[in-house]
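Listing of upload-v8.txt; format and content: compact mmCIF, C-alpha atoms.
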# COMPACT_ATOMS: atom_id res chain seq x y z
CA MET C 1 11.60 20.61 -26.31
CA THR C 2 10.85 20.92 -22.60
CA LYS C 3 8.34 18.47 -21.14
CA LYS C 4 6.48 20.01 -18.22
CA ILE C 5 5.37 17.55 -15.53
CA LEU C 6 2.95 18.59 -12.78
CA LEU C 7 3.32 16.50 -9.62
CA PHE C 8 0.69 16.69 -6.89
CA GLY C 9 2.32 15.61 -3.63
CA ALA C 10 5.69 16.00 -1.91
CA GLY C 11 5.58 12.99 0.40
CA TYR C 12 8.04 10.15 0.84
CA VAL C 13 7.19 8.46 -2.50
CA ALA C 14 7.83 11.65 -4.49
CA PRO C 15 11.69 11.87 -4.36
CA PRO C 16 12.41 8.69 -6.37
CA PHE C 17 9.73 9.73 -8.87
CA VAL C 18 11.30 13.16 -9.38
CA GLU C 19 14.81 11.67 -9.54
CA TYR C 20 13.70 9.28 -12.28
CA MET C 21 12.01 12.01 -14.33
CA LEU C 22 15.02 14.32 -14.15
CA ARG C 23 17.29 11.76 -15.77
CA ARG C 24 15.92 13.08 -19.05
CA PRO C 25 17.31 16.60 -19.71
CA GLU C 26 14.11 17.82 -21.36
CA ASN C 27 11.94 17.15 -18.28
CA PHE C 28 10.92 19.86 -15.82
CA VAL C 29 8.87 19.00 -12.71
CA THR C 30 6.54 21.38 -10.88
CA ILE C 31 5.97 20.09 -7.35
CA ALA C 32 2.52 21.13 -6.13
CA ALA C 33 1.64 20.76 -2.45
CA ARG C 34 -0.88 22.14 0.01
CA THR C 35 1.93 23.88 1.90
CA LEU C 36 4.65 25.74 0.03
CA THR C 37 7.36 24.71 2.50
CA SER C 38 6.90 20.99 1.76
CA ALA C 39 7.11 21.64 -1.99
CA GLN C 40 10.20 23.84 -1.49
CA LYS C 41 11.89 21.21 0.69
CA LEU C 42 11.54 18.55 -1.99
CA SER C 43 12.46 20.92 -4.82
CA ALA C 44 15.69 21.87 -3.01
CA LYS C 45 16.93 18.26 -3.26
CA PHE C 46 17.32 18.56 -7.03
CA PRO C 47 19.45 20.69 -9.38
CA GLU C 48 18.45 24.33 -9.64
CA GLY C 49 16.30 25.09 -12.64
CA LYS C 50 14.92 21.54 -13.00
CA THR C 51 12.02 21.81 -10.53
CA ALA C 52 9.73 24.49 -9.14
CA PRO C 53 7.62 24.47 -5.97
CA LEU C 54 3.96 25.47 -6.14
CA GLN C 55 1.45 25.98 -3.36
CA LEU C 56 -1.82 24.57 -4.60
CA ALA C 57 -5.00 23.36 -2.91
CA VAL C 58 -6.44 20.45 -4.87
CA THR C 59 -9.96 21.63 -3.98
CA ASP C 60 -9.39 25.00 -5.73
CA GLU C 61 -10.82 24.04 -9.11
CA ALA C 62 -9.77 27.22 -10.95
CA ALA C 63 -6.20 27.07 -9.63
CA VAL C 64 -5.92 23.36 -10.46
CA ASP C 65 -7.25 23.96 -13.98
CA ALA C 66 -4.70 26.74 -14.55
CA ALA C 67 -1.80 24.59 -13.32
CA VAL C 68 -2.89 21.52 -15.31
CA ALA C 69 -3.33 23.55 -18.51
CA ALA C 70 0.28 24.80 -18.24
CA HIS C 71 1.79 21.29 -18.17
CA ASP C 72 2.11 18.29 -20.47
CA ILE C 73 1.20 15.55 -17.98
CA VAL C 74 -0.21 15.38 -14.45
CA ILE C 75 0.84 12.99 -11.65
CA SER C 76 -1.05 12.50 -8.40
CA LEU C 77 0.79 11.09 -5.40
CA ILE C 78 -1.69 12.45 -2.87
CA PRO C 79 -4.50 10.46 -1.17
CA TYR C 80 -6.70 8.64 -3.68
CA THR C 81 -9.84 10.48 -2.58
CA PHE C 82 -8.55 13.53 -4.48
CA HIS C 83 -7.62 11.78 -7.73
CA ALA C 84 -11.02 12.22 -9.38
CA LEU C 85 -10.81 16.01 -8.98
CA ILE C 86 -7.45 16.07 -10.76
CA ILE C 87 -8.57 13.61 -13.46
CA LYS C 88 -11.57 15.85 -14.19
CA SER C 89 -9.22 18.77 -14.80
CA ALA C 90 -6.79 16.65 -16.83
CA VAL C 91 -9.55 15.44 -19.14
CA LYS C 92 -10.97 18.94 -19.50
CA ASN C 93 -7.53 20.25 -20.49
CA LYS C 94 -6.63 17.17 -22.57
CA LYS C 95 -3.62 16.26 -20.44
CA ASP C 96 -2.53 12.74 -19.57
CA PHE C 97 -2.65 11.62 -15.92
CA VAL C 98 -0.81 9.02 -13.79
CA SER C 99 -1.46 7.70 -10.27
CA THR C 100 -0.30 4.66 -8.32
CA SER C 101 -3.68 4.08 -6.68
CA TYR C 102 -6.40 1.51 -7.33
CA ILE C 103 -9.05 2.74 -9.75
CA SER C 104 -12.00 3.92 -7.65
CA PRO C 105 -15.57 4.23 -8.95
CA ALA C 106 -15.17 8.02 -8.88
CA MET C 107 -12.07 7.76 -11.07
CA LEU C 108 -13.70 5.29 -13.46
CA GLU C 109 -16.55 7.73 -14.08
CA HIS C 110 -14.15 9.74 -16.26
CA ASP C 111 -13.34 6.80 -18.58
CA GLU C 112 -15.61 7.72 -21.49
CA ALA C 113 -14.73 11.41 -21.28
CA ALA C 114 -11.01 10.55 -21.24
CA LYS C 115 -11.40 8.37 -24.34
CA ALA C 116 -13.33 11.11 -26.11
CA ALA C 117 -10.63 13.64 -25.21
CA GLY C 118 -7.82 11.30 -26.28
CA VAL C 119 -6.37 11.24 -22.76
CA THR C 120 -4.50 8.42 -21.01
CA VAL C 121 -5.46 8.11 -17.33
CA MET C 122 -2.93 5.58 -16.05
CA ASN C 123 -3.33 4.09 -12.56
CA GLU C 124 -2.23 1.18 -10.39
CA ILE C 125 1.44 1.52 -11.27
CA GLY C 126 3.35 1.32 -8.00
CA VAL C 127 4.38 -1.99 -6.48
CA ASP C 128 1.06 -3.30 -5.14
CA PRO C 129 -0.84 -2.42 -7.24
CA GLY C 130 1.56 -2.13 -10.14
CA VAL C 131 4.56 -4.44 -10.34
CA ASP C 132 2.25 -7.23 -9.15
CA HIS C 133 -0.09 -6.67 -12.13
CA VAL C 134 2.78 -6.61 -14.62
CA TYR C 135 4.21 -9.96 -13.51
CA ALA C 136 0.79 -11.56 -13.06
CA MET C 137 -0.31 -10.65 -16.58
CA LYS C 138 3.05 -11.64 -18.08
CA THR C 139 2.73 -15.21 -16.78
CA ILE C 140 -1.01 -15.55 -17.37
CA ASP C 141 -0.76 -14.40 -20.98
CA GLU C 142 2.27 -16.65 -21.59
CA VAL C 143 0.38 -19.68 -20.23
CA HIS C 144 -2.74 -18.94 -22.26
CA ALA C 145 -0.69 -18.39 -25.44
CA LYS C 146 0.74 -21.91 -25.06
CA GLY C 147 -2.67 -23.50 -24.52
CA GLY C 148 -2.38 -23.83 -20.73
CA LYS C 149 -4.74 -22.93 -17.90
CA VAL C 150 -4.07 -21.08 -14.65
CA LEU C 151 -5.98 -23.16 -12.12
CA SER C 152 -4.89 -21.24 -9.05
CA PHE C 153 -3.47 -17.77 -8.46
CA LEU C 154 -2.19 -16.80 -5.00
CA SER C 155 -0.43 -13.48 -4.44
CA TYR C 156 0.94 -12.05 -1.18
CA CYS C 157 2.71 -8.74 -0.67
CA GLY C 158 3.97 -6.92 2.40
CA GLY C 159 5.78 -3.70 3.17
CA LEU C 160 7.77 -4.66 6.26
CA PRO C 161 10.83 -3.77 8.30
CA ALA C 162 13.90 -5.74 7.21
CA PRO C 163 14.47 -8.69 9.57
CA GLU C 164 17.08 -6.90 11.69
CA SER C 165 14.72 -3.92 12.05
CA SER C 166 11.68 -5.98 13.07
CA ASN C 167 12.81 -5.61 16.68
CA ASN C 168 9.51 -5.02 18.46
CA PRO C 169 6.62 -7.24 19.57
CA LEU C 170 4.53 -6.50 16.47
CA GLY C 171 7.38 -7.09 14.01
CA TYR C 172 6.31 -3.94 12.20
CA LYS C 173 7.37 -0.32 11.78
CA PHE C 174 5.74 2.76 10.33
CA SER C 175 6.98 5.28 7.78
CA TRP C 176 3.72 7.21 8.14
CA SER C 177 0.72 7.31 10.48
CA PRO C 178 -0.32 3.84 11.74
CA ARG C 179 -3.99 4.79 11.45
CA GLY C 180 -4.44 3.44 7.93
CA VAL C 181 -2.68 0.17 8.73
CA LEU C 182 -4.88 -0.36 11.79
CA LEU C 183 -8.07 0.51 9.89
CA ALA C 184 -7.15 -2.00 7.18
CA ALA C 185 -7.44 -4.71 9.83
CA ARG C 186 -11.18 -3.97 9.95
CA ASN C 187 -11.73 -4.51 6.21
CA ALA C 188 -13.81 -7.45 5.05
CA ALA C 189 -12.24 -9.85 2.56
CA LYS C 190 -13.56 -11.86 -0.38
CA PHE C 191 -11.75 -14.42 -2.51
CA LYS C 192 -12.32 -17.52 -4.62
CA GLU C 193 -11.30 -20.87 -3.15
CA ASN C 194 -11.89 -24.25 -4.78
CA GLY C 195 -14.53 -22.75 -7.03
CA GLU C 196 -16.50 -21.03 -4.26
CA ILE C 197 -16.58 -17.37 -3.26
CA VAL C 198 -15.49 -17.02 0.39
CA SER C 199 -16.37 -13.89 2.36
CA ILE C 200 -14.84 -13.01 5.73
CA PRO C 201 -16.40 -10.08 7.64
CA GLY C 202 -13.99 -7.40 8.82
CA PRO C 203 -14.21 -8.28 12.52
CA GLU C 204 -13.28 -11.91 11.74
CA LEU C 205 -10.52 -11.35 9.17
CA LEU C 206 -7.58 -11.55 11.56
CA ARG C 207 -9.17 -14.45 13.42
CA LYS C 208 -9.96 -16.68 10.45
CA GLY C 209 -7.75 -15.37 7.65
CA PRO C 210 -4.06 -15.61 8.68
CA LYS C 211 -2.02 -18.69 7.85
CA PRO C 212 1.71 -19.45 7.46
CA ILE C 213 3.12 -18.39 4.09
CA PHE C 214 6.37 -20.08 3.04
CA ILE C 215 8.47 -18.06 0.58
CA TYR C 216 12.11 -18.29 1.72
CA PRO C 217 13.24 -20.37 4.73
CA ALA C 218 14.71 -17.31 6.46
CA PHE C 219 11.33 -15.60 6.86
CA ALA C 220 8.46 -16.44 9.21
CA PHE C 221 5.48 -14.91 7.43
CA GLU C 222 1.75 -15.00 7.97
CA GLY C 223 -0.64 -13.93 5.24
CA TYR C 224 -4.31 -13.06 5.11
CA PRO C 225 -6.72 -12.03 2.32
CA ASN C 226 -6.67 -8.40 1.26
CA ARG C 227 -10.09 -6.92 0.47
CA ASP C 228 -11.93 -8.24 -2.61
CA SER C 229 -9.98 -10.61 -4.87
CA ALA C 230 -13.07 -11.77 -6.79
CA PRO C 231 -12.84 -9.13 -9.58
CA TYR C 232 -9.42 -10.49 -10.58
CA GLU C 233 -11.06 -13.44 -12.34
CA GLN C 234 -12.10 -10.88 -14.95
CA ARG C 235 -9.28 -8.34 -14.53
CA TYR C 236 -6.61 -11.02 -15.02
CA ASN C 237 -8.70 -13.02 -17.52
CA ILE C 238 -8.51 -16.31 -15.61
CA PRO C 239 -12.11 -17.62 -15.59
CA GLU C 240 -10.67 -21.16 -15.43
CA ALA C 241 -9.07 -20.54 -12.03
CA HIS C 242 -10.73 -22.30 -9.09
CA THR C 243 -8.71 -20.27 -6.56
CA ILE C 244 -7.87 -16.54 -6.71
CA LEU C 245 -6.53 -14.72 -3.65
CA ARG C 246 -4.50 -11.55 -3.18
CA GLY C 247 -3.24 -11.14 0.35
CA THR C 248 -1.16 -9.18 2.84
CA LEU C 249 2.09 -10.43 4.39
CA ARG C 250 3.10 -9.82 7.99
CA TYR C 251 5.71 -11.34 10.25
CA GLN C 252 4.58 -14.23 12.44
CA GLY C 253 2.54 -13.06 15.44
CA ASN C 254 1.57 -9.65 14.09
CA PRO C 255 -2.01 -10.56 13.08
CA ARG C 256 -2.75 -11.97 16.54
CA PHE C 257 -1.46 -8.82 18.21
CA VAL C 258 -3.57 -6.54 16.00
CA LEU C 259 -6.55 -8.84 16.54
CA THR C 260 -6.13 -8.30 20.28
CA PHE C 261 -6.32 -4.54 19.71
CA ALA C 262 -9.58 -5.14 17.82
CA ASP C 263 -10.99 -7.61 20.35
CA ILE C 264 -10.65 -5.24 23.28
CA GLY C 265 -12.04 -2.25 21.35
CA LEU C 266 -8.90 -0.21 20.67
CA LEU C 267 -9.69 0.21 16.96
CA SER C 268 -12.80 2.31 17.65
CA ASP C 269 -12.76 5.73 16.00
CA GLU C 270 -15.71 7.02 18.04
CA PRO C 271 -14.88 10.29 19.88
CA GLN C 272 -14.24 9.78 23.59
CA ALA C 273 -14.64 12.73 25.97
CA HIS C 274 -11.90 11.48 28.31
CA LEU C 275 -9.44 11.35 25.38
CA ALA C 276 -10.06 14.93 24.23
CA ALA C 277 -7.02 17.20 24.19
CA ASP C 278 -8.39 19.36 27.00
CA ALA C 279 -9.48 16.42 29.20
CA PRO C 280 -7.51 15.55 32.36
CA ALA C 281 -4.33 13.52 31.88
CA GLN C 282 -4.88 9.80 31.33
CA SER C 283 -2.41 6.94 31.51
CA TRP C 284 -2.84 3.84 29.38
CA LEU C 285 -3.74 2.01 32.59
CA ASP C 286 -6.59 4.51 33.09
CA ILE C 287 -7.70 4.18 29.46
CA LEU C 288 -7.62 0.37 29.43
CA GLY C 289 -9.27 0.13 32.82
CA LYS C 290 -12.15 2.28 31.61
CA LEU C 291 -12.37 0.40 28.30
CA LEU C 292 -12.39 -3.03 29.93
CA GLY C 293 -14.48 -2.05 32.95
CA VAL C 294 -11.85 -3.08 35.50
CA ALA C 295 -9.50 -1.43 37.99
CA ALA C 296 -6.57 0.56 36.56
CA SER C 297 -4.11 -2.07 37.75
CA SER C 298 -1.53 -3.74 35.52
CA GLU C 299 -2.22 -7.26 36.82
CA VAL C 300 -6.01 -6.88 36.59
CA ILE C 301 -5.83 -5.40 33.09
CA GLN C 302 -3.49 -8.14 31.86
CA GLU C 303 -6.05 -10.77 32.83
CA ALA C 304 -8.92 -8.76 31.38
CA ILE C 305 -7.08 -8.45 28.04
CA ALA C 306 -6.34 -12.19 28.00
CA THR C 307 -9.94 -13.06 28.80
CA LYS C 308 -11.54 -10.75 26.27
CA ALA C 309 -9.07 -11.65 23.49
CA GLN C 310 -9.08 -15.37 24.39
CA LEU C 311 -5.31 -15.47 24.88
CA THR C 312 -3.63 -18.44 26.52
CA GLY C 313 -0.17 -19.96 26.92
CA ASP C 314 2.78 -18.55 24.98
CA GLU C 315 0.47 -16.43 22.84
CA LYS C 316 -0.75 -14.67 25.98
CA LYS C 317 2.82 -14.11 27.16
CA ARG C 318 3.87 -12.59 23.83
CA VAL C 319 0.91 -10.23 23.59
CA ILE C 320 1.11 -9.06 27.20
CA HIS C 321 4.84 -8.49 26.76
CA GLY C 322 3.95 -6.34 23.76
CA PHE C 323 1.53 -4.21 25.77
CA LYS C 324 4.26 -3.68 28.38
CA TRP C 325 6.83 -2.82 25.73
CA LEU C 326 4.49 -0.22 24.25
CA GLY C 327 4.04 1.38 27.67
CA MET C 328 0.36 0.50 27.73
CA LEU C 329 0.54 -1.09 31.18
CA SER C 330 2.25 1.88 32.81
CA ALA C 331 1.05 4.93 34.72
CA ASP C 332 2.81 7.34 32.37
CA PRO C 333 0.50 9.87 30.63
CA ALA C 334 -0.81 8.77 27.24
CA ASP C 335 -0.87 11.05 24.19
CA LYS C 336 -4.63 11.62 23.98
CA ARG C 337 -5.93 12.09 20.44
CA GLY C 338 -9.72 12.11 20.85
CA THR C 339 -10.44 8.47 19.96
CA LEU C 340 -9.06 5.11 21.05
CA LEU C 341 -7.81 4.43 17.50
CA ASP C 342 -5.94 7.72 17.23
CA THR C 343 -4.53 7.50 20.75
CA LEU C 344 -3.25 4.00 19.98
CA SER C 345 -1.85 5.26 16.65
CA ALA C 346 0.08 8.01 18.45
CA THR C 347 1.63 5.42 20.77
CA LEU C 348 2.59 3.08 17.94
CA GLU C 349 4.04 5.92 15.87
CA LYS C 350 6.22 7.02 18.79
CA LYS C 351 7.45 3.54 19.67
CA MET C 352 7.55 1.83 16.26
CA SER C 353 9.04 4.27 13.75
CA PHE C 354 12.19 3.48 11.81
CA GLY C 355 15.32 4.54 13.67
CA PRO C 356 18.72 5.67 12.38
CA GLY C 357 20.37 3.06 10.17
CA GLU C 358 17.25 0.89 9.94
CA ARG C 359 15.75 -0.22 6.64
CA ASP C 360 12.47 -1.48 5.26
CA MET C 361 11.68 -4.36 2.93
CA ILE C 362 9.16 -5.29 0.24
CA MET C 363 8.27 -8.94 -0.29
CA LEU C 364 5.94 -9.94 -3.11
CA GLN C 365 5.21 -13.42 -4.40
CA HIS C 366 2.79 -14.77 -7.00
CA LYS C 367 2.16 -18.51 -7.09
CA PHE C 368 0.51 -19.98 -10.17
CA GLU C 369 -0.82 -23.54 -10.44
CA ILE C 370 -0.76 -24.33 -14.16
CA GLU C 371 -2.27 -27.15 -16.17
CA TRP C 372 -0.93 -27.66 -19.69
CA ALA C 373 -2.89 -29.03 -22.63
CA ASP C 374 -1.27 -32.47 -22.28
CA GLY C 375 -2.36 -32.71 -18.63
CA ARG C 376 1.01 -31.82 -17.08
CA LYS C 377 0.87 -29.73 -13.89
CA GLU C 378 3.35 -27.00 -12.99
CA THR C 379 3.74 -24.63 -10.06
CA ARG C 380 5.36 -21.34 -11.02
CA THR C 381 6.37 -18.51 -8.69
CA ALA C 382 7.39 -14.90 -9.28
CA THR C 383 9.13 -13.35 -6.25
CA LEU C 384 10.31 -9.80 -5.60
CA LEU C 385 12.47 -9.00 -2.56
CA GLU C 386 13.62 -5.39 -2.24
CA TYR C 387 15.46 -3.72 0.66
CA GLY C 388 15.54 -0.02 1.43
CA GLN C 389 18.70 2.00 1.96
CA PRO C 390 19.61 2.67 5.62
CA ASP C 391 18.97 6.39 6.20
CA GLY C 392 18.07 6.71 2.51
CA ILE C 393 15.29 5.89 0.05
CA THR C 394 12.97 3.22 1.40
CA ALA C 395 12.09 0.10 -0.56
CA MET C 396 8.47 1.21 -0.51
CA ALA C 397 9.25 4.66 -1.91
CA ARG C 398 11.50 3.25 -4.65
CA THR C 399 9.13 0.48 -5.76
CA VAL C 400 6.22 2.93 -5.94
CA GLY C 401 7.95 6.10 -7.16
CA VAL C 402 10.13 4.55 -9.87
CA PRO C 403 7.35 2.51 -11.58
CA CYS C 404 5.24 5.66 -11.54
CA GLY C 405 8.11 7.53 -13.19
CA ILE C 406 8.52 4.79 -15.79
CA ALA C 407 4.84 4.94 -16.72
CA THR C 408 4.98 8.73 -16.94
CA GLN C 409 8.00 8.68 -19.24
CA LEU C 410 6.51 5.98 -21.48
CA ILE C 411 3.36 8.08 -21.88
CA LEU C 412 5.42 11.21 -22.66
CA ASP C 413 7.37 9.21 -25.25
CA GLY C 414 4.17 7.91 -26.85
CA VAL C 415 5.04 4.28 -26.09
CA ILE C 416 1.96 3.86 -23.89
CA ASN C 417 -0.95 5.51 -25.68
CA ARG C 418 -4.05 3.54 -24.69
CA LYS C 419 -6.80 6.04 -23.89
CA GLY C 420 -9.28 6.12 -21.02
CA VAL C 421 -8.95 5.13 -17.36
CA ILE C 422 -6.52 2.20 -17.43
CA ALA C 423 -4.29 -0.08 -15.38
CA PRO C 424 -1.34 -2.22 -16.64
CA MET C 425 -3.43 -5.22 -17.69
CA THR C 426 -2.85 -5.40 -21.46
CA PRO C 427 0.37 -6.27 -23.37
CA ASP C 428 0.61 -2.84 -25.02
CA VAL C 429 0.88 -1.36 -21.53
CA TYR C 430 2.58 -3.95 -19.33
CA LEU C 431 5.29 -5.15 -21.75
CA PRO C 432 6.97 -1.72 -22.11
CA LEU C 433 6.67 -1.30 -18.33
CA LEU C 434 8.25 -4.71 -17.76
CA LYS C 435 11.26 -3.84 -19.93
CA GLU C 436 11.95 -0.61 -18.04
CA LEU C 437 11.30 -2.16 -14.61
CA GLU C 438 13.94 -4.77 -15.36
CA ALA C 439 16.35 -2.02 -16.40
CA GLU C 440 15.81 -0.52 -12.92
CA HIS C 441 16.32 -3.93 -11.26
CA ILE C 442 12.76 -3.94 -9.91
CA THR C 443 12.20 -7.51 -10.98
CA CYS C 444 10.56 -10.72 -9.90
CA ILE C 445 12.61 -13.91 -9.87
CA GLU C 446 10.58 -16.52 -11.74
CA GLU C 447 10.88 -20.20 -10.89
CA SER C 448 9.08 -23.44 -11.65
CA VAL C 449 8.86 -26.11 -8.99
In structure tokens, how does this file's structure come out?
Amino acid sequence: MTKKILLFGAGYVAPPFVEYMLRRPENFVTIAARTLTSAQKLSAKFPEGKTAPLQLAVTDEAAVDAAVAAHDIVISLIPYTFHALIIKSAVKNKKDFVSTSYISPAMLEHDEAAKAAGVTVMNEIGVDPGVDHVYAMKTIDEVHAKGGKVLSFLSYCGGLPAPESSNNPLGYKFSWSPRGVLLAARNAAKFKENGEIVSIPGPELLRKGPKPIFIYPAFAFEGYPNRDSAPYEQRYNIPEAHTILRGTLRYQGNPRFVLTFADIGLLSDEPQAHLAADAPAQSWLDILGKLLGVAASSEVIQEAIATKAQLTGDEKKRVIHGFKWLGMLSADPADKRGTLLDTLSATLEKKMSFGPGERDMIMLQHKFEIEWADGRKETRTATLLEYGQPDGITAMARTVGVPCGIATQLILDGVINRKGVIAPMTPDVYLPLLKELEAEHITCIEESV
């Protein structure tokens, strides 16, 4: 019997999801996108008769309802702000739903209705969130079952260029618009440390948060807290833990460079008349001179950047070199995009995208400090290192798309049947996922030290 799967989204995470679903001969995937051409382009990558493109605006409630009603399960790989609209339709039509995104308040509002309708609304099943939850809960539940306590939980994850592809001053590359990555640098952070809740305001995160993170000797990482880790005391059921932190990994030097962007005002998304598309041509020297209130001279601007961002010594040399490398101390015309943030994003996207033959990397590590009933202490780690294929599927796309496919198939098969708005936090959900993730070689190496 044919299983009809409705996929919202045709972006870079979608191909490994579709590939996984089509391993089962009974599955048929409808690829719904805002533009028909993007849906057709993805559909054409797969055998004829196994997929169908569909032009569909997620804001067209009647059209969404009609499409959802005609399928067995609904997947959303579009921006999270639209998930609640699709969940509403899924619940109304009694169809299960899967997304890789964090559960937002708007999504959670459908929990009771989903339970009443007998619908599974599965979320947070990519890599981060997703694989991280599965391996966190596996260890935590194992420790508790043996009478132990998890005294500290530290988790860091980063989507990065592979070392040989980190060949620019920021040690970073973009598979999509840099805007979201830059905006994330303005987020506040909250975590539990030595029994106290620590809050770092957004403007101070990259100044106070980053510290060296040692995983493997070959990597020079820095990590900093990622948003609000406090709820994980309850979500992961570790009230005994005195320290709980989930963080972001970057290569050494990246946080200081992004902090410099913030310090001098380049992360502002306020409209600027001189950056409008129809405004006279502007070079980055012109833009920075105006921003910093100094002459549009490379030497003057270099000193103004160093002063405002409090850069000295080798750190100053590295950051200024980066500005030169990006073309931001030249007289060449900048790609004006209306705001400083978007103009900077356009420059980064042009200079820091993945080139031919380059590959990305995912690094994830959990570190658990465990105390056993007899007083023994143990440090346990769970580490995932995944590389993308040069000129092929990225590590990010695979480690998001495949777990999403696994969850979808397990729901179709009736293996995962918990109702309501859920994430992989309970054994009935994460254990089946763990088994299939290991079959796909998306696994954490677990060690005790």
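Minimum distance to Ser166 in chain C across C:Ser104, C:Thr343, C:Asn93, C:Asn254 (counting all atoms listed in the file) occurs at C:Asn254.
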When you count only C-alpha atoms, which of these residues is closest to Lys94 in chain C: C:Asn194, C:Thr81, C:Ser43, C:Thr120?
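With only C-alpha atoms as the atom set, the closest residue is C:Thr120.
Compared by their closest atoms to Ile244 in chain C, and using only C-alpha atoms, the residues C:Ile86, C:Ala184, C:Ile370, C:Leu151 rank with C:Leu151 nearest.
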Tell me, as a PyMOL selection string, which residues lie within 9 Å of Arg418 in chain C, counting all atoms listed in the file; anything in the same chain fewer than 2 positions away does not count.
chain C and resi 115+118-122+416+420-422+428-429
Let me make sure I understand: among C:Met425, C:Val13, C:Val91, C:Ile362, which one has the smallest atom-to-atom distance to Pro79 in chain C if we use all atoms listed in the file?
C:Val13
From the list C:Leu170, C:Ala14, C:Ala262, C:Ala306, which residue is nearest Leu205 in chain C when using only C-alpha atoms?
C:Ala262
For range 50-57 of chain C, please output as number ranges by chain all residues within 6 Å (counting all atoms listed in the file; exclusion window: fewer than 3 positions along the same chain).
C: 28-36, 39-40, 43, 47, 60
Could you write those residues out with C-alpha atoms, as a PDB file, keeping the file's coordinate frame?
ATOM      1  CA  PHE C  28      10.920  19.860 -15.820  1.00  0.00           C
ATOM      2  CA  VAL C  29       8.870  19.000 -12.710  1.00  0.00           C
ATOM      3  CA  THR C  30       6.540  21.380 -10.880  1.00  0.00           C
ATOM      4  CA  ILE C  31       5.970  20.090  -7.350  1.00  0.00           C
ATOM      5  CA  ALA C  32       2.520  21.130  -6.130  1.00  0.00           C
ATOM      6  CA  ALA C  33       1.640  20.760  -2.450  1.00  0.00           C
ATOM      7  CA  ARG C  34      -0.880  22.140   0.010  1.00  0.00           C
ATOM      8  CA  THR C  35       1.930  23.880   1.900  1.00  0.00           C
ATOM      9  CA  LEU C  36       4.650  25.740   0.030  1.00  0.00           C
ATOM     10  CA  ALA C  39       7.110  21.640  -1.990  1.00  0.00           C
ATOM     11  CA  GLN C  40      10.200  23.840  -1.490  1.00  0.00           C
ATOM     12  CA  SER C  43      12.460  20.920  -4.820  1.00  0.00           C
ATOM     13  CA  PRO C  47      19.450  20.690  -9.380  1.00  0.00           C
ATOM     14  CA  ASP C  60      -9.390  25.000  -5.730  1.00  0.00           C
TER      15      ASP C  60
END
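Coordinates place CA of Pro403 in chain C at a distance of 27.4 Å from CA of Thr379 in chain C.
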Contacts of Asp72 in chain C at 8 Å (all atoms listed in the file; same-chain gap of 5+ positions) as a PyMOL selection string:
chain C and resi 3-6+95-96
Mind checking which residues fall within 8 Å of Asp332 in chain C, counting only C-alpha atoms, ignoring those fewer than 4 positions away in the same chain, and posting them as a VMD selection string?
chain C and resid 283 to 284 327
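Separating CA of Asn237 in chain C from CA of Ser99 in chain C is a distance of 23.1 Å.
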Set the distance at 10 Å and use all atoms listed in the file: which residues neighbour Leu259 in chain C once local chain neighbours fewer than 2 positions away are removed? I'd like the list as a PyMOL selection string.
chain C and resi 182+185-186+203-207+254-257+261-267+309
My list of candidates is C:Met1, C:Val319, C:Gly355, C:Ala44. Which is closest to Val18 in chain C when distances are computed with all atoms listed in the file?
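That would be C:Ala44, the residue with the smallest distance to Val18 in chain C.
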